[in-house]
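Data file: coords17.txt. Format and content: compact mmCIF, N, CA and C atoms.
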# COMPACT_ATOMS: atom_id res chain seq x y z
N MET A 1 0.84 -1.18 0.00
CA MET A 1 0.00 0.00 0.00
C MET A 1 0.88 1.24 0.00
N PHE A 2 0.23 2.38 -0.13
CA PHE A 2 0.96 3.64 -0.15
C PHE A 2 1.19 4.15 1.26
N GLU A 3 2.33 4.76 1.44
CA GLU A 3 2.65 5.34 2.74
C GLU A 3 2.18 6.80 2.74
N GLU A 4 1.48 7.20 3.81
CA GLU A 4 1.01 8.57 3.89
C GLU A 4 2.15 9.49 4.28
N VAL A 5 2.22 10.60 3.60
CA VAL A 5 3.24 11.60 3.88
C VAL A 5 2.56 12.80 4.51
N PRO A 6 3.07 13.29 5.65
CA PRO A 6 2.40 14.44 6.27
C PRO A 6 2.52 15.68 5.39
N GLY A 7 1.52 16.55 5.50
CA GLY A 7 1.53 17.80 4.74
C GLY A 7 0.80 17.66 3.43
N PRO A 8 0.69 18.77 2.71
CA PRO A 8 -0.04 18.74 1.44
C PRO A 8 0.72 17.93 0.39
N PRO A 9 -0.02 17.32 -0.53
CA PRO A 9 0.66 16.55 -1.58
C PRO A 9 1.47 17.47 -2.49
N VAL A 10 2.64 17.01 -2.87
CA VAL A 10 3.52 17.78 -3.73
C VAL A 10 3.88 16.93 -4.94
N CYS A 11 3.78 17.51 -6.10
CA CYS A 11 4.12 16.79 -7.32
C CYS A 11 5.61 17.03 -7.61
N PRO A 12 6.41 15.98 -7.65
CA PRO A 12 7.84 16.16 -7.88
C PRO A 12 8.19 16.42 -9.35
N TYR A 13 7.22 16.27 -10.25
CA TYR A 13 7.53 16.33 -11.67
C TYR A 13 7.56 17.74 -12.24
N HIS A 14 6.54 18.52 -11.92
CA HIS A 14 6.47 19.84 -12.51
C HIS A 14 5.61 20.75 -11.62
N PRO A 15 6.08 21.95 -11.32
CA PRO A 15 5.30 22.84 -10.45
C PRO A 15 3.93 23.19 -11.02
N ALA A 16 3.80 23.26 -12.33
CA ALA A 16 2.51 23.59 -12.93
C ALA A 16 1.48 22.50 -12.65
N ILE A 17 1.92 21.25 -12.63
CA ILE A 17 1.00 20.15 -12.33
C ILE A 17 0.57 20.22 -10.88
N ALA A 18 1.50 20.51 -9.99
CA ALA A 18 1.17 20.64 -8.56
C ALA A 18 0.19 21.79 -8.35
N ALA A 19 0.40 22.91 -9.06
CA ALA A 19 -0.50 24.05 -8.94
C ALA A 19 -1.89 23.70 -9.45
N ARG A 20 -1.97 22.94 -10.52
CA ARG A 20 -3.27 22.55 -11.09
C ARG A 20 -4.01 21.61 -10.13
N ILE A 21 -3.29 20.71 -9.50
CA ILE A 21 -3.90 19.80 -8.52
C ILE A 21 -4.44 20.60 -7.34
N LYS A 22 -3.65 21.56 -6.85
CA LYS A 22 -4.09 22.40 -5.73
C LYS A 22 -5.33 23.20 -6.12
N ARG A 23 -5.34 23.77 -7.31
CA ARG A 23 -6.48 24.56 -7.77
C ARG A 23 -7.73 23.68 -7.86
N SER A 24 -7.58 22.46 -8.37
CA SER A 24 -8.71 21.54 -8.47
C SER A 24 -9.26 21.22 -7.09
N ALA A 25 -8.38 21.04 -6.12
CA ALA A 25 -8.83 20.77 -4.75
C ALA A 25 -9.56 21.98 -4.17
N GLN A 26 -9.10 23.19 -4.50
CA GLN A 26 -9.77 24.40 -4.02
C GLN A 26 -11.17 24.52 -4.63
N VAL A 27 -11.30 24.22 -5.91
CA VAL A 27 -12.61 24.29 -6.58
C VAL A 27 -13.55 23.27 -5.95
N THR A 28 -13.05 22.07 -5.68
CA THR A 28 -13.86 21.03 -5.06
C THR A 28 -14.31 21.47 -3.67
N ALA A 29 -13.40 22.06 -2.90
CA ALA A 29 -13.76 22.55 -1.57
C ALA A 29 -14.81 23.65 -1.66
N ALA A 30 -14.71 24.52 -2.66
CA ALA A 30 -15.70 25.59 -2.84
C ALA A 30 -17.08 25.00 -3.12
N ILE A 31 -17.12 23.98 -3.94
CA ILE A 31 -18.40 23.32 -4.24
C ILE A 31 -18.99 22.71 -2.97
N ILE A 32 -18.15 22.07 -2.18
CA ILE A 32 -18.61 21.45 -0.92
C ILE A 32 -19.20 22.52 0.00
N LEU A 33 -18.49 23.63 0.16
CA LEU A 33 -18.95 24.69 1.07
C LEU A 33 -20.22 25.36 0.55
N ASP A 34 -20.29 25.62 -0.75
CA ASP A 34 -21.49 26.24 -1.30
C ASP A 34 -22.69 25.30 -1.17
N ASP A 35 -22.46 23.99 -1.31
CA ASP A 35 -23.54 23.02 -1.15
C ASP A 35 -24.00 22.96 0.31
N GLU A 36 -23.04 23.03 1.25
CA GLU A 36 -23.42 23.05 2.66
C GLU A 36 -24.27 24.28 2.97
N ALA A 37 -23.89 25.43 2.41
CA ALA A 37 -24.65 26.66 2.63
C ALA A 37 -26.05 26.53 2.05
N ARG A 38 -26.16 25.91 0.87
CA ARG A 38 -27.47 25.72 0.24
C ARG A 38 -28.35 24.82 1.11
N GLN A 39 -27.75 23.78 1.68
CA GLN A 39 -28.52 22.87 2.52
C GLN A 39 -29.00 23.55 3.80
N MET A 40 -28.19 24.47 4.33
CA MET A 40 -28.56 25.15 5.57
C MET A 40 -29.62 26.23 5.33
N THR A 41 -29.49 26.98 4.25
CA THR A 41 -30.39 28.11 4.03
C THR A 41 -31.51 27.82 3.05
N GLY A 42 -31.32 26.79 2.22
CA GLY A 42 -32.31 26.50 1.19
C GLY A 42 -32.16 27.38 -0.04
N GLU A 43 -31.16 28.25 -0.03
CA GLU A 43 -30.93 29.15 -1.16
C GLU A 43 -29.62 28.79 -1.84
N ILE A 44 -29.53 29.08 -3.13
CA ILE A 44 -28.30 28.81 -3.87
C ILE A 44 -27.21 29.74 -3.37
N SER A 45 -26.06 29.17 -3.08
CA SER A 45 -24.92 29.96 -2.61
C SER A 45 -23.77 29.81 -3.60
N LEU A 46 -23.21 30.93 -4.01
CA LEU A 46 -22.03 30.92 -4.88
C LEU A 46 -20.90 31.70 -4.24
N LEU A 47 -20.96 31.87 -2.92
CA LEU A 47 -19.97 32.68 -2.23
C LEU A 47 -18.56 32.16 -2.45
N HIS A 48 -18.35 30.87 -2.29
CA HIS A 48 -17.00 30.33 -2.38
C HIS A 48 -16.53 30.19 -3.83
N LEU A 49 -17.42 29.78 -4.72
CA LEU A 49 -17.06 29.72 -6.13
C LEU A 49 -16.78 31.13 -6.66
N GLY A 50 -17.62 32.09 -6.25
CA GLY A 50 -17.41 33.47 -6.65
C GLY A 50 -16.08 34.01 -6.14
N GLY A 51 -15.70 33.57 -4.95
CA GLY A 51 -14.42 34.00 -4.38
C GLY A 51 -13.23 33.50 -5.18
N LEU A 52 -13.42 32.41 -5.91
CA LEU A 52 -12.37 31.89 -6.79
C LEU A 52 -12.49 32.44 -8.20
N GLY A 53 -13.48 33.29 -8.41
CA GLY A 53 -13.69 33.87 -9.73
C GLY A 53 -14.31 32.91 -10.72
N LEU A 54 -15.12 31.98 -10.23
CA LEU A 54 -15.73 30.95 -11.09
C LEU A 54 -17.24 31.04 -11.06
N ASN A 55 -17.87 30.54 -12.10
CA ASN A 55 -19.31 30.38 -12.08
C ASN A 55 -19.62 28.89 -12.24
N PRO A 56 -20.82 28.46 -11.85
CA PRO A 56 -21.14 27.03 -11.86
C PRO A 56 -21.08 26.37 -13.23
N ASP A 57 -21.15 27.15 -14.30
CA ASP A 57 -21.16 26.57 -15.64
C ASP A 57 -19.76 26.41 -16.24
N SER A 58 -18.74 26.86 -15.53
CA SER A 58 -17.38 26.77 -16.09
C SER A 58 -16.94 25.31 -16.14
N PRO A 59 -16.13 24.95 -17.14
CA PRO A 59 -15.67 23.57 -17.26
C PRO A 59 -14.92 23.08 -16.02
N GLU A 60 -14.18 23.97 -15.39
CA GLU A 60 -13.42 23.61 -14.18
C GLU A 60 -14.35 23.16 -13.06
N VAL A 61 -15.45 23.88 -12.89
CA VAL A 61 -16.42 23.54 -11.85
C VAL A 61 -17.16 22.26 -12.22
N GLN A 62 -17.52 22.11 -13.48
CA GLN A 62 -18.21 20.90 -13.91
C GLN A 62 -17.35 19.65 -13.70
N GLU A 63 -16.05 19.76 -13.99
CA GLU A 63 -15.14 18.64 -13.78
C GLU A 63 -15.04 18.29 -12.30
N ALA A 64 -14.93 19.31 -11.45
CA ALA A 64 -14.85 19.06 -10.00
C ALA A 64 -16.14 18.45 -9.49
N ALA A 65 -17.29 18.89 -10.02
CA ALA A 65 -18.57 18.32 -9.60
C ALA A 65 -18.68 16.85 -9.98
N ARG A 66 -18.19 16.50 -11.18
CA ARG A 66 -18.19 15.09 -11.59
C ARG A 66 -17.30 14.26 -10.66
N THR A 67 -16.17 14.82 -10.28
CA THR A 67 -15.27 14.12 -9.35
C THR A 67 -15.96 13.89 -8.01
N LEU A 68 -16.66 14.91 -7.52
CA LEU A 68 -17.39 14.77 -6.25
C LEU A 68 -18.45 13.68 -6.34
N HIS A 69 -19.20 13.67 -7.42
CA HIS A 69 -20.24 12.64 -7.58
C HIS A 69 -19.62 11.24 -7.62
N ALA A 70 -18.47 11.11 -8.27
CA ALA A 70 -17.78 9.81 -8.33
C ALA A 70 -17.32 9.38 -6.94
N LEU A 71 -16.78 10.32 -6.17
CA LEU A 71 -16.33 9.99 -4.81
C LEU A 71 -17.50 9.54 -3.93
N VAL A 72 -18.62 10.23 -4.04
CA VAL A 72 -19.81 9.86 -3.26
C VAL A 72 -20.32 8.50 -3.70
N ALA A 73 -20.30 8.23 -5.01
CA ALA A 73 -20.75 6.93 -5.52
C ALA A 73 -19.89 5.79 -4.99
N LEU A 74 -18.62 6.08 -4.71
CA LEU A 74 -17.73 5.08 -4.15
C LEU A 74 -17.89 4.93 -2.63
N GLY A 75 -18.78 5.74 -2.05
CA GLY A 75 -19.02 5.67 -0.61
C GLY A 75 -18.03 6.49 0.20
N LEU A 76 -17.32 7.40 -0.44
CA LEU A 76 -16.34 8.23 0.26
C LEU A 76 -16.98 9.55 0.68
N GLN A 77 -16.37 10.20 1.65
CA GLN A 77 -16.84 11.49 2.15
C GLN A 77 -15.94 12.60 1.62
N PRO A 78 -16.34 13.31 0.56
CA PRO A 78 -15.49 14.36 -0.01
C PRO A 78 -15.08 15.43 0.99
N ALA A 79 -15.98 15.77 1.94
CA ALA A 79 -15.63 16.79 2.93
C ALA A 79 -14.45 16.36 3.78
N ASN A 80 -14.30 15.06 4.00
CA ASN A 80 -13.15 14.56 4.76
C ASN A 80 -11.90 14.54 3.90
N ILE A 81 -12.04 14.18 2.64
CA ILE A 81 -10.89 14.10 1.74
C ILE A 81 -10.28 15.48 1.53
N PHE A 82 -11.14 16.48 1.38
CA PHE A 82 -10.69 17.85 1.11
C PHE A 82 -10.79 18.72 2.36
N ALA A 83 -10.62 18.13 3.53
CA ALA A 83 -10.79 18.85 4.80
C ALA A 83 -9.85 20.05 4.91
N GLN A 84 -8.61 19.92 4.48
CA GLN A 84 -7.66 21.02 4.59
C GLN A 84 -8.10 22.20 3.73
N GLU A 85 -8.49 21.93 2.50
CA GLU A 85 -8.93 23.00 1.60
C GLU A 85 -10.21 23.65 2.10
N VAL A 86 -11.13 22.82 2.63
CA VAL A 86 -12.39 23.35 3.17
C VAL A 86 -12.10 24.28 4.35
N ALA A 87 -11.21 23.86 5.24
CA ALA A 87 -10.87 24.68 6.41
C ALA A 87 -10.22 26.00 5.97
N GLU A 88 -9.32 25.94 4.98
CA GLU A 88 -8.68 27.16 4.49
C GLU A 88 -9.71 28.12 3.89
N MET A 89 -10.67 27.58 3.12
CA MET A 89 -11.68 28.44 2.51
C MET A 89 -12.62 29.03 3.55
N ARG A 90 -12.98 28.24 4.57
CA ARG A 90 -13.83 28.78 5.63
C ARG A 90 -13.13 29.95 6.33
N ALA A 91 -11.84 29.78 6.62
CA ALA A 91 -11.08 30.83 7.29
C ALA A 91 -10.99 32.07 6.40
N LYS A 92 -10.75 31.87 5.11
CA LYS A 92 -10.65 32.99 4.18
C LYS A 92 -11.98 33.70 4.05
N ALA A 93 -13.07 32.94 3.96
CA ALA A 93 -14.40 33.55 3.83
C ALA A 93 -14.75 34.33 5.09
N ALA A 94 -14.38 33.81 6.25
CA ALA A 94 -14.65 34.53 7.49
C ALA A 94 -13.86 35.84 7.53
N GLY A 95 -12.62 35.80 7.09
CA GLY A 95 -11.79 37.01 7.04
C GLY A 95 -12.32 38.00 6.02
N ASP A 96 -12.75 37.51 4.86
CA ASP A 96 -13.30 38.38 3.82
C ASP A 96 -14.59 39.05 4.29
N ALA A 97 -15.42 38.30 5.00
CA ALA A 97 -16.70 38.83 5.45
C ALA A 97 -16.48 39.98 6.43
N ARG A 98 -15.44 39.90 7.23
CA ARG A 98 -15.17 40.98 8.18
C ARG A 98 -14.66 42.23 7.48
N LYS A 99 -14.03 42.08 6.33
CA LYS A 99 -13.42 43.20 5.64
C LYS A 99 -14.36 43.91 4.68
N VAL A 100 -15.49 43.33 4.38
CA VAL A 100 -16.40 43.89 3.38
C VAL A 100 -17.17 45.05 3.98
N GLY A 101 -17.10 46.20 3.32
CA GLY A 101 -17.88 47.36 3.74
C GLY A 101 -19.24 47.33 3.08
N ARG A 102 -20.17 48.07 3.63
CA ARG A 102 -21.54 48.08 3.10
C ARG A 102 -21.60 48.46 1.63
N ASN A 103 -20.77 49.39 1.21
CA ASN A 103 -20.82 49.88 -0.16
C ASN A 103 -19.83 49.19 -1.10
N ASN A 104 -19.10 48.21 -0.59
CA ASN A 104 -18.17 47.45 -1.42
C ASN A 104 -18.93 46.42 -2.25
N PRO A 105 -18.32 45.95 -3.34
CA PRO A 105 -18.95 44.86 -4.10
C PRO A 105 -19.10 43.61 -3.22
N CYS A 106 -20.18 42.91 -3.42
CA CYS A 106 -20.44 41.71 -2.61
C CYS A 106 -19.44 40.62 -2.95
N PRO A 107 -18.89 39.93 -1.94
CA PRO A 107 -17.91 38.88 -2.21
C PRO A 107 -18.51 37.64 -2.88
N CYS A 108 -19.83 37.55 -2.99
CA CYS A 108 -20.43 36.38 -3.64
C CYS A 108 -20.27 36.44 -5.16
N GLY A 109 -19.86 37.62 -5.66
CA GLY A 109 -19.64 37.74 -7.10
C GLY A 109 -20.86 38.15 -7.89
N SER A 110 -21.90 38.59 -7.23
CA SER A 110 -23.13 38.97 -7.94
C SER A 110 -23.00 40.29 -8.70
N GLY A 111 -22.05 41.13 -8.29
CA GLY A 111 -21.88 42.43 -8.91
C GLY A 111 -22.66 43.52 -8.19
N LYS A 112 -23.50 43.14 -7.23
CA LYS A 112 -24.26 44.12 -6.46
C LYS A 112 -23.42 44.62 -5.29
N LYS A 113 -23.87 45.72 -4.70
CA LYS A 113 -23.23 46.18 -3.47
C LYS A 113 -23.57 45.20 -2.36
N TYR A 114 -22.65 45.07 -1.41
CA TYR A 114 -22.83 44.13 -0.30
C TYR A 114 -24.12 44.41 0.45
N LYS A 115 -24.46 45.70 0.67
CA LYS A 115 -25.64 46.04 1.45
C LYS A 115 -26.94 45.64 0.74
N LYS A 116 -26.89 45.54 -0.60
CA LYS A 116 -28.07 45.16 -1.37
C LYS A 116 -28.15 43.67 -1.65
N CYS A 117 -27.08 42.94 -1.27
CA CYS A 117 -27.02 41.52 -1.64
C CYS A 117 -27.00 40.62 -0.40
N CYS A 118 -25.83 40.41 0.17
CA CYS A 118 -25.67 39.40 1.23
C CYS A 118 -25.57 39.95 2.64
N LEU A 119 -25.64 41.25 2.84
CA LEU A 119 -25.52 41.82 4.17
C LEU A 119 -26.59 41.28 5.11
N ASN A 120 -27.83 41.27 4.65
CA ASN A 120 -28.93 40.78 5.49
C ASN A 120 -28.79 39.29 5.78
N ASN A 121 -28.28 38.52 4.83
CA ASN A 121 -28.08 37.08 5.06
C ASN A 121 -27.02 36.83 6.11
N SER A 122 -25.95 37.65 6.12
CA SER A 122 -24.86 37.43 7.07
C SER A 122 -25.25 37.88 8.47
N LEU A 123 -26.22 38.79 8.60
CA LEU A 123 -26.65 39.26 9.91
C LEU A 123 -27.58 38.27 10.59
N GLY A 124 -28.33 37.52 9.80
CA GLY A 124 -29.34 36.62 10.36
C GLY A 124 -28.84 35.28 10.50
Encoded form (structure tokens):
Amino acid sequence: MFEEVPGPPVCPYHPAIAARIKRSAQVTAAIILDDEARQMTGEISLLHLGGLGLNPDSPEVQEAARTLHALVALGLQPANIFAQEVAEMRAKAAGDARKVGRNNPCPCGSGKKYKKCCLNNSLG
């Protein structure tokens, strides 16, 4: 079997491949977090995908969603597999939420001002 190595996975072959793997894990974590938010509020959430500059129809997001469905079909827990990325995104989102002013663009990526978009959701 494979021996687990502590720390994030590193690709010894090429830095671009390692960066692409990390980005894919971040997109997957964003999908997990946005889905958790949807389950809690009943509303569609694009906060984390928007924070990565992505929309749900992008090929990168579609590929990550297919990977998530495959992991679930195998009986695996994607939130556990991508726990490090999920934790990093939660921390970043919490920090971003504190920095957003009422008149700043909303971090969800809607293009609206924060006060007209997600301010009321974050207060309740």
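Taking atom C of Asn103 in chain A and atom N of Val86 in chain A as endpoints, the distance between them is 28.0 Å.
Here atom N of Ala65 in chain A stands at a distance of 28.4 Å from CA of Val100 in chain A.
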Query raised in the report: What separation in Å, quoted to one decimal, exists between atom N of Gln26 in chain A and CA of Gln62 in chain A?
Result: 13.3 Å
Query raised in the report: Of the candidates A:Ala70, A:Lys113, A:Pro78, A:Asn120, which one gets nearest to Ile32 in chain A if we count all atoms listed in the file?
Result: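 That would be A:Pro78, the residue with the smallest distance to Ile32 in chain A.
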Output, as AutoDock Vina command-line options, the centre and edge lengths in Å (one decimal) of the axis-aligned box that contains all listed atoms of range 59-76 of chain A with 6 Å of margin on each side.
--center_x -17.1 --center_y 14.9 --center_z -8.3 --size_x 19.3 --size_y 32.0 --size_z 29.9
Query raised in the report: What lies within 12 Å of Met89 in chain A using only C-alpha atoms, ignoring chain neighbours under 2 positions off, as a ChimeraX atom specification?
Result: /A:25-34,47-52,82-87,91-97
